[in-house]
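> Below you'll find the structure I mean.
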Amino acid sequence: MSRAPALAAAPVISGAAIPATPRGLVDGFGRRIDYLRVSVTDRCDLRCGYCMPKGFKGFEEPANWLRHDEMARLAGLFAGLGVRRLRLTGGEPLLRRGVAGLAAAIAALPGVDDLSLSTNGTQLARHAASLRAAGVDRLNISLDTLDAAEFGRITGRDCLGAVLAGLRAARDAGFAPIKLNSVVHAATPEADVRRLLDYALAQGFILRLIEPMPVGDCGRRYAHADLGALGARLAAAAGLVPALAGQGGGPARYWSDGGGAPALGVITPMSRHFCAACNRVRLGVDGTLYLCLGQEDQVPLGRLLRAGASDAELEQAIRAGIAAKPERHEFTARPERIVRFMSQTGG
């Protein structure tokens with residue numbers, strides 16, 4: 001596997017790097033990086049087994065969390081370097097106070113064309129309207145099953161009703177499209193997935209089936225299923241047809257309804273990876289810039305910011321990081337490589 005030169009633990013800000021151009025940030029493999037995911041907290045009120053181990057307490061110290069104004073400052077620098085799409089994530093982002101205010105600050109940044117938020121939905125009923133008013137364009141909501149007992153087993157909490165109420169509130173607030181993200185592994189009953197698709201179609205939501213990734217010990221416990229074949233079976237049964245390539249800015253492959261709108265998608269980082277078209281990086285709650293989910297390459301932007309780095313110095317660190325972004329993950333060849341959990345990186 002070829003890759004760009006690895007970053008040092010603390011990259012030299014003044015070192016040579018690929019510059020920002022009118023095309024935006026471009027990595028060492030010619031990929032344009034125009035999408036940033038920002039984790040506002042690594043806390044979550046659920047304990048989904050593929051994301052966070054039961055009893056996990058190794059959370060980041062609140063003193064190390066970036067303040068909202070610091071997150072907005074870094075988001076503004078990325079926007080100035082050509083990033084057009086941002087997503088607020090966690091953990092569960094709605095557990096942190098003032099997220100709507102942060103969203104409003106990011107939505108107002110010049111150059112930001114799309115602001116979205118990922119949530120497990122437990123807090124969404126009371127926040128949907130304020131998020132919409134703040135400028136959040138789209139929502140991705142995690143939902144692995146409509147069976148209450150199975151929901152409790154997967155997440156560790158009996159709160160399916162709260163998630164469904166949050167979905168209703170999001171629709172009432174005017175969010176569209178609303179995407180349901182469902183992690184599907186080898187042991188997931190196909191009947192549960194069919195029920196989710198029936199629900200999504202009836203509600204006008206988009207269901208996306210996602211392979212679990214071996215991030216941390218908990219992620220490695222789940223074998224991935226052939227989601228391409230499963231999606232094709234579900235689509236045929238529901239009368240959906242393959243959608244044209246290029247719908248949306250992410251890695252999902254879709255089937256659409258008769259009107260051409262996407263209705264069912266699959267995201268397959270394991271069985272059919274999409275690294276060659278990767279357009280994103282992730283910012284942890286402490287300001288660590290993660291360049292790949294399946295590699296350890298990172299840039300300590302938060303530490304640099306709090307050490308007094310200027311905007312120009314932070315921009316240079318961002319450019320250096322993008323220049324060193326790995327070509328691809330190694331989940332298949334080296335699944336033990338990543339020891340951090342998904343909640344620590346950001347969704």
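For the structure tokens, the naming scheme is as follows: chains receive sequential letters (A, B, ...) according to their order of presentation, residues are indexed from 1 within each chain, and ligands are indexed from 1 in presentation order.
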Output as number ranges by chain all residues of segment 105-343 of chain A that backbone DSSP marks as alpha helix (DSSP H).
A: 105-107, 128-134, 148-155, 160-172, 190-203, 216-219, 227-238, 301-306, 311-323, 342-343
> Might you pull out every residue within 10 Å of Arg303 of chain A, with only C-alpha atoms counted and same-chain residues fewer than 4 positions away left off, and present them as a ChimeraX atom specification?
/A:10,64,66,286-288,299,307-309
> For the strand (DSSP E or B) assignment from backbone DSSP, which residues of segment 187-307 of chain A qualify? Please present them as a ChimeraX atom specification.
/A:206-210,224,241-242,253-256,262-267,280-283,288-290,298-300
> Quick one: residues within 7 Å of segment 30-41 of chain A, only C-alpha atoms, excluding same-chain residues fewer than 3 positions away - as a count of residues only?
27
> Would you mind telling me which residue in A:Met213, A:Asp42, A:Asp297, A:Leu74 lies nearest to Glu61 of chain A when using only C-alpha atoms?
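Closest to Glu61 of chain A of all the choices is A:Asp42.
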> Just want the 9 Å neighbourhood of Ile154 of chain A, counted on only C-alpha atoms, with same-chain residues fewer than 5 positions away dropped. Output as a PyMOL selection string.
chain A and resi 46-50+144-145+149
> Mind dumping the selected residues with N, CA, C and O atoms as a PDB file, in the first residue's frame?

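The new file out.pdb reads:
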ATOM      1  N   LEU A  46     -26.041   6.387  25.111  1.00  0.00           N
ATOM      2  CA  LEU A  46     -26.257   4.998  24.746  1.00  0.00           C
ATOM      3  C   LEU A  46     -24.924   4.262  24.782  1.00  0.00           C
ATOM      4  O   LEU A  46     -23.864   4.879  24.813  1.00  0.00           O
ATOM      5  N   ARG A  47     -24.990   2.943  24.766  1.00  0.00           N
ATOM      6  CA  ARG A  47     -23.782   2.117  24.779  1.00  0.00           C
ATOM      7  C   ARG A  47     -23.898   1.029  23.715  1.00  0.00           C
ATOM      8  O   ARG A  47     -23.892  -0.155  24.020  1.00  0.00           O
ATOM      9  N   CYS A  48     -23.988   1.459  22.456  1.00  0.00           N
ATOM     10  CA  CYS A  48     -24.062   0.501  21.359  1.00  0.00           C
ATOM     11  C   CYS A  48     -22.758  -0.288  21.313  1.00  0.00           C
ATOM     12  O   CYS A  48     -21.669   0.295  21.312  1.00  0.00           O
ATOM     13  N   GLY A  49     -22.882  -1.618  21.271  1.00  0.00           N
ATOM     14  CA  GLY A  49     -21.724  -2.471  21.450  1.00  0.00           C
ATOM     15  C   GLY A  49     -20.655  -2.305  20.405  1.00  0.00           C
ATOM     16  O   GLY A  49     -19.460  -2.522  20.688  1.00  0.00           O
ATOM     17  N   TYR A  50     -20.993  -1.903  19.178  1.00  0.00           N
ATOM     18  CA  TYR A  50     -20.001  -1.749  18.125  1.00  0.00           C
ATOM     19  C   TYR A  50     -19.258  -0.422  18.216  1.00  0.00           C
ATOM     20  O   TYR A  50     -18.306  -0.187  17.475  1.00  0.00           O
ATOM     21  N   ASP A 144     -31.093   1.196  14.670  1.00  0.00           N
ATOM     22  CA  ASP A 144     -30.719  -0.142  14.233  1.00  0.00           C
ATOM     23  C   ASP A 144     -31.878  -1.131  14.216  1.00  0.00           C
ATOM     24  O   ASP A 144     -31.764  -2.184  13.587  1.00  0.00           O
ATOM     25  N   THR A 145     -32.959  -0.819  14.895  1.00  0.00           N
ATOM     26  CA  THR A 145     -34.088  -1.741  14.948  1.00  0.00           C
ATOM     27  C   THR A 145     -35.332  -1.001  15.426  1.00  0.00           C
ATOM     28  O   THR A 145     -35.233   0.028  16.107  1.00  0.00           O
ATOM     29  N   ALA A 149     -37.307  -4.443  22.488  1.00  0.00           N
ATOM     30  CA  ALA A 149     -36.414  -5.281  23.279  1.00  0.00           C
ATOM     31  C   ALA A 149     -35.029  -5.345  22.646  1.00  0.00           C
ATOM     32  O   ALA A 149     -34.001  -5.260  23.337  1.00  0.00           O
TER      33      ALA A 149
END
> Within 10 Å of Gly228 of chain A, counting only C-alpha atoms, which residues qualify if same-chain residues fewer than 2 places away don't, as a list in words?
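These residues fall inside the cut-off: Leu209, Ala225, Asp226, Leu230, Gly231, Ala232, Arg233, Arg253, Gly265, Val266, Ile267, Thr268, Ser271 and Arg272 of chain A.
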> Could you work out how far atom CA of Ala276 of chain A lies from atom CA of Leu139 of chain A, giving the answer in Å with one decimal?
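About the pair atom CA of Leu139 of chain A and atom CA of Ala276 of chain A: they are 25.6 Å apart.
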> Enter the distance from atom CA of Gln123 of chain A to atom CA of Ser142 of chain A, in Å, rounded to one decimal.
12.3 Å
> What does the distance between atom CA of Asp192 of chain A and atom CA of Arg208 of chain A come to in Å, to one decimal place?
13.6 Å
> For Ala261 of chain A, list every protein, DNA or RNA residue within 12 Å, evaluated using only C-alpha atoms, and leave out those in the same chain fewer than 6 positions away; present the list as an mmCIF file with N, CA and C atoms, in the first residue's frame.

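What follows is the written file selection_30.cif:
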data_model
loop_
_atom_site.group_PDB
_atom_site.id
_atom_site.type_symbol
_atom_site.label_atom_id
_atom_site.label_comp_id
_atom_site.auth_asym_id
_atom_site.auth_seq_id
_atom_site.Cartn_x
_atom_site.Cartn_y
_atom_site.Cartn_z
ATOM 1 N N ALA A 176 -35.378 17.783 5.772
ATOM 2 C CA ALA A 176 -35.541 16.867 4.649
ATOM 3 C C ALA A 176 -34.303 16.976 3.759
ATOM 4 N N PRO A 177 -33.678 15.889 3.371
ATOM 5 C CA PRO A 177 -34.073 14.537 3.762
ATOM 6 C C PRO A 177 -33.600 14.203 5.170
ATOM 7 N N LEU A 201 -39.756 4.002 4.253
ATOM 8 C CA LEU A 201 -40.523 4.328 3.058
ATOM 9 C C LEU A 201 -41.848 4.990 3.418
ATOM 10 N N GLY A 204 -41.091 8.603 4.579
ATOM 11 C CA GLY A 204 -40.350 9.483 3.684
ATOM 12 C C GLY A 204 -38.903 9.680 4.082
ATOM 13 N N PHE A 205 -38.347 8.757 4.868
ATOM 14 C CA PHE A 205 -36.951 8.829 5.273
ATOM 15 C C PHE A 205 -36.098 7.991 4.315
ATOM 16 N N ILE A 206 -34.788 8.179 4.397
ATOM 17 C CA ILE A 206 -33.831 7.376 3.641
ATOM 18 C C ILE A 206 -33.140 6.429 4.609
ATOM 19 N N LEU A 240 -37.734 -0.839 -5.647
ATOM 20 C CA LEU A 240 -36.772 0.249 -5.829
ATOM 21 C C LEU A 240 -35.806 -0.104 -6.960
ATOM 22 N N VAL A 241 -35.228 0.918 -7.547
ATOM 23 C CA VAL A 241 -34.308 0.705 -8.666
ATOM 24 C C VAL A 241 -32.968 1.360 -8.348
ATOM 25 N N PRO A 242 -31.864 0.838 -8.920
ATOM 26 C CA PRO A 242 -30.553 1.454 -8.657
ATOM 27 C C PRO A 242 -30.545 2.924 -9.050
ATOM 28 N N ALA A 243 -30.007 3.744 -8.162
ATOM 29 C CA ALA A 243 -29.947 5.183 -8.436
ATOM 30 C C ALA A 243 -28.708 5.489 -9.256
ATOM 31 N N LEU A 244 -28.752 6.606 -9.960
ATOM 32 C CA LEU A 244 -27.587 7.049 -10.708
ATOM 33 C C LEU A 244 -26.457 7.354 -9.750
ATOM 34 N N GLN A 247 -25.172 10.575 -6.350
ATOM 35 C CA GLN A 247 -26.184 11.202 -5.500
ATOM 36 C C GLN A 247 -25.596 11.404 -4.110
ATOM 37 N N GLY A 248 -25.563 12.644 -3.660
ATOM 38 C CA GLY A 248 -25.006 12.961 -2.358
ATOM 39 C C GLY A 248 -23.491 13.069 -2.411
ATOM 40 N N TYR A 254 -27.016 3.955 -3.678
ATOM 41 C CA TYR A 254 -28.445 4.067 -3.402
ATOM 42 C C TYR A 254 -29.311 3.324 -4.411
ATOM 43 N N TRP A 255 -30.510 2.983 -3.913
ATOM 44 C CA TRP A 255 -31.647 2.604 -4.745
ATOM 45 C C TRP A 255 -32.717 3.672 -4.544
#
> Give the answer as one residue: which of A:Leu293, A:Leu164, A:Ile318, A:Ile106 has the shortest atom-to-atom distance to Leu305 of chain A, using only C-alpha atoms?
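Among the listed residues, the smallest separation from Leu305 of chain A belongs to A:Ile318.
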> Residues at most 10 Å from Cys292 of chain A, counting only C-alpha atoms, excluding those fewer than 2 positions away in the same chain, as a PDB file with N, CA, C and O atoms, in the first residue's frame?

ATOM      1  N   CYS A 275     -12.047   4.333  -0.375  1.00  0.00           N
ATOM      2  CA  CYS A 275     -10.938   5.209  -0.002  1.00  0.00           C
ATOM      3  C   CYS A 275     -10.470   6.093  -1.156  1.00  0.00           C
ATOM      4  O   CYS A 275     -10.022   7.218  -0.938  1.00  0.00           O
ATOM      5  N   CYS A 278     -12.257   9.281  -0.987  1.00  0.00           N
ATOM      6  CA  CYS A 278     -12.431   9.887   0.337  1.00  0.00           C
ATOM      7  C   CYS A 278     -12.247  11.396   0.263  1.00  0.00           C
ATOM      8  O   CYS A 278     -11.255  11.890  -0.275  1.00  0.00           O
ATOM      9  N   ARG A 280     -12.952  13.466   3.209  1.00  0.00           N
ATOM     10  CA  ARG A 280     -13.249  13.989   4.543  1.00  0.00           C
ATOM     11  C   ARG A 280     -12.131  13.762   5.540  1.00  0.00           C
ATOM     12  O   ARG A 280     -11.298  12.875   5.394  1.00  0.00           O
ATOM     13  N   VAL A 281     -12.150  14.606   6.573  1.00  0.00           N
ATOM     14  CA  VAL A 281     -11.318  14.441   7.752  1.00  0.00           C
ATOM     15  C   VAL A 281     -12.197  14.729   8.968  1.00  0.00           C
ATOM     16  O   VAL A 281     -13.309  15.253   8.837  1.00  0.00           O
ATOM     17  N   ARG A 282     -11.696  14.372  10.152  1.00  0.00           N
ATOM     18  CA  ARG A 282     -12.497  14.485  11.373  1.00  0.00           C
ATOM     19  C   ARG A 282     -11.746  15.264  12.445  1.00  0.00           C
ATOM     20  O   ARG A 282     -10.540  15.054  12.631  1.00  0.00           O
ATOM     21  N   LEU A 289      -7.030  16.507  14.800  1.00  0.00           N
ATOM     22  CA  LEU A 289      -7.495  16.273  13.438  1.00  0.00           C
ATOM     23  C   LEU A 289      -7.109  14.861  13.029  1.00  0.00           C
ATOM     24  O   LEU A 289      -5.928  14.537  12.903  1.00  0.00           O
ATOM     25  N   TYR A 290      -8.124  14.003  12.852  1.00  0.00           N
ATOM     26  CA  TYR A 290      -7.901  12.626  12.418  1.00  0.00           C
ATOM     27  C   TYR A 290      -8.032  12.576  10.903  1.00  0.00           C
ATOM     28  O   TYR A 290      -9.051  12.972  10.340  1.00  0.00           O
ATOM     29  N   GLY A 294      -9.068   4.583   9.745  1.00  0.00           N
ATOM     30  CA  GLY A 294      -8.323   3.342   9.868  1.00  0.00           C
ATOM     31  C   GLY A 294      -6.830   3.516   9.991  1.00  0.00           C
ATOM     32  O   GLY A 294      -6.078   2.568   9.789  1.00  0.00           O
ATOM     33  N   GLN A 295      -6.361   4.715  10.332  1.00  0.00           N
ATOM     34  CA  GLN A 295      -4.943   4.977  10.544  1.00  0.00           C
ATOM     35  C   GLN A 295      -4.808   5.889  11.760  1.00  0.00           C
ATOM     36  O   GLN A 295      -5.778   6.483  12.224  1.00  0.00           O
ATOM     37  N   GLU A 296      -3.586   6.001  12.254  1.00  0.00           N
ATOM     38  CA  GLU A 296      -3.343   6.826  13.435  1.00  0.00           C
ATOM     39  C   GLU A 296      -2.843   8.231  13.090  1.00  0.00           C
ATOM     40  O   GLU A 296      -2.573   9.026  13.985  1.00  0.00           O
ATOM     41  N   ASP A 297      -2.690   8.546  11.798  1.00  0.00           N
ATOM     42  CA  ASP A 297      -2.194   9.864  11.399  1.00  0.00           C
ATOM     43  C   ASP A 297      -3.115  10.959  11.926  1.00  0.00           C
ATOM     44  O   ASP A 297      -4.336  10.900  11.733  1.00  0.00           O
ATOM     45  N   GLN A 298      -2.538  11.961  12.575  1.00  0.00           N
ATOM     46  CA  GLN A 298      -3.341  13.009  13.190  1.00  0.00           C
ATOM     47  C   GLN A 298      -2.518  14.280  13.361  1.00  0.00           C
ATOM     48  O   GLN A 298      -1.287  14.253  13.307  1.00  0.00           O
ATOM     49  N   LYS A 325      -2.333  12.808   4.406  1.00  0.00           N
ATOM     50  CA  LYS A 325      -3.481  11.911   4.574  1.00  0.00           C
ATOM     51  C   LYS A 325      -3.183  10.557   3.921  1.00  0.00           C
ATOM     52  O   LYS A 325      -2.774  10.506   2.757  1.00  0.00           O
ATOM     53  N   PRO A 326      -3.376   9.450   4.644  1.00  0.00           N
ATOM     54  CA  PRO A 326      -3.081   8.129   4.072  1.00  0.00           C
ATOM     55  C   PRO A 326      -3.955   7.823   2.859  1.00  0.00           C
ATOM     56  O   PRO A 326      -5.056   8.351   2.720  1.00  0.00           O
ATOM     57  N   GLU A 327      -3.455   6.920   2.031  1.00  0.00           N
ATOM     58  CA  GLU A 327      -4.203   6.547   0.841  1.00  0.00           C
ATOM     59  C   GLU A 327      -5.469   5.772   1.183  1.00  0.00           C
ATOM     60  O   GLU A 327      -6.506   5.955   0.563  1.00  0.00           O
ATOM     61  N   ARG A 328      -5.402   4.903   2.214  1.00  0.00           N
ATOM     62  CA  ARG A 328      -6.558   4.070   2.533  1.00  0.00           C
ATOM     63  C   ARG A 328      -6.402   3.481   3.931  1.00  0.00           C
ATOM     64  O   ARG A 328      -5.342   3.518   4.534  1.00  0.00           O
ATOM     65  N   HIS A 329      -7.502   2.948   4.438  1.00  0.00           N
ATOM     66  CA  HIS A 329      -7.452   2.241   5.720  1.00  0.00           C
ATOM     67  C   HIS A 329      -6.862   0.850   5.516  1.00  0.00           C
ATOM     68  O   HIS A 329      -6.698   0.376   4.383  1.00  0.00           O
ATOM     69  N   THR A 345     -13.195   9.136  18.141  1.00  0.00           N
ATOM     70  CA  THR A 345     -12.804   9.780  16.901  1.00  0.00           C
ATOM     71  C   THR A 345     -13.866  10.769  16.416  1.00  0.00           C
ATOM     72  O   THR A 345     -13.545  11.821  15.871  1.00  0.00           O
TER      73      THR A 345
END
> Select, from A:His127, A:Arg73, A:Arg319, A:Arg153, the residue with the minimum atom-to-atom distance to Leu94 of chain A, counting only C-alpha atoms.
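With only C-alpha atoms as the atom set, the closest residue is A:His127.
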> Under the rule that only C-alpha atoms are counted, which of A:Thr119, A:Gly101, A:Ala187, A:Pro62 is the nearest residue to Cys44 of chain A?
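Going through A:Thr119, A:Gly101, A:Ala187, A:Pro62 one by one, the smallest distance to Cys44 of chain A is for A:Thr119.
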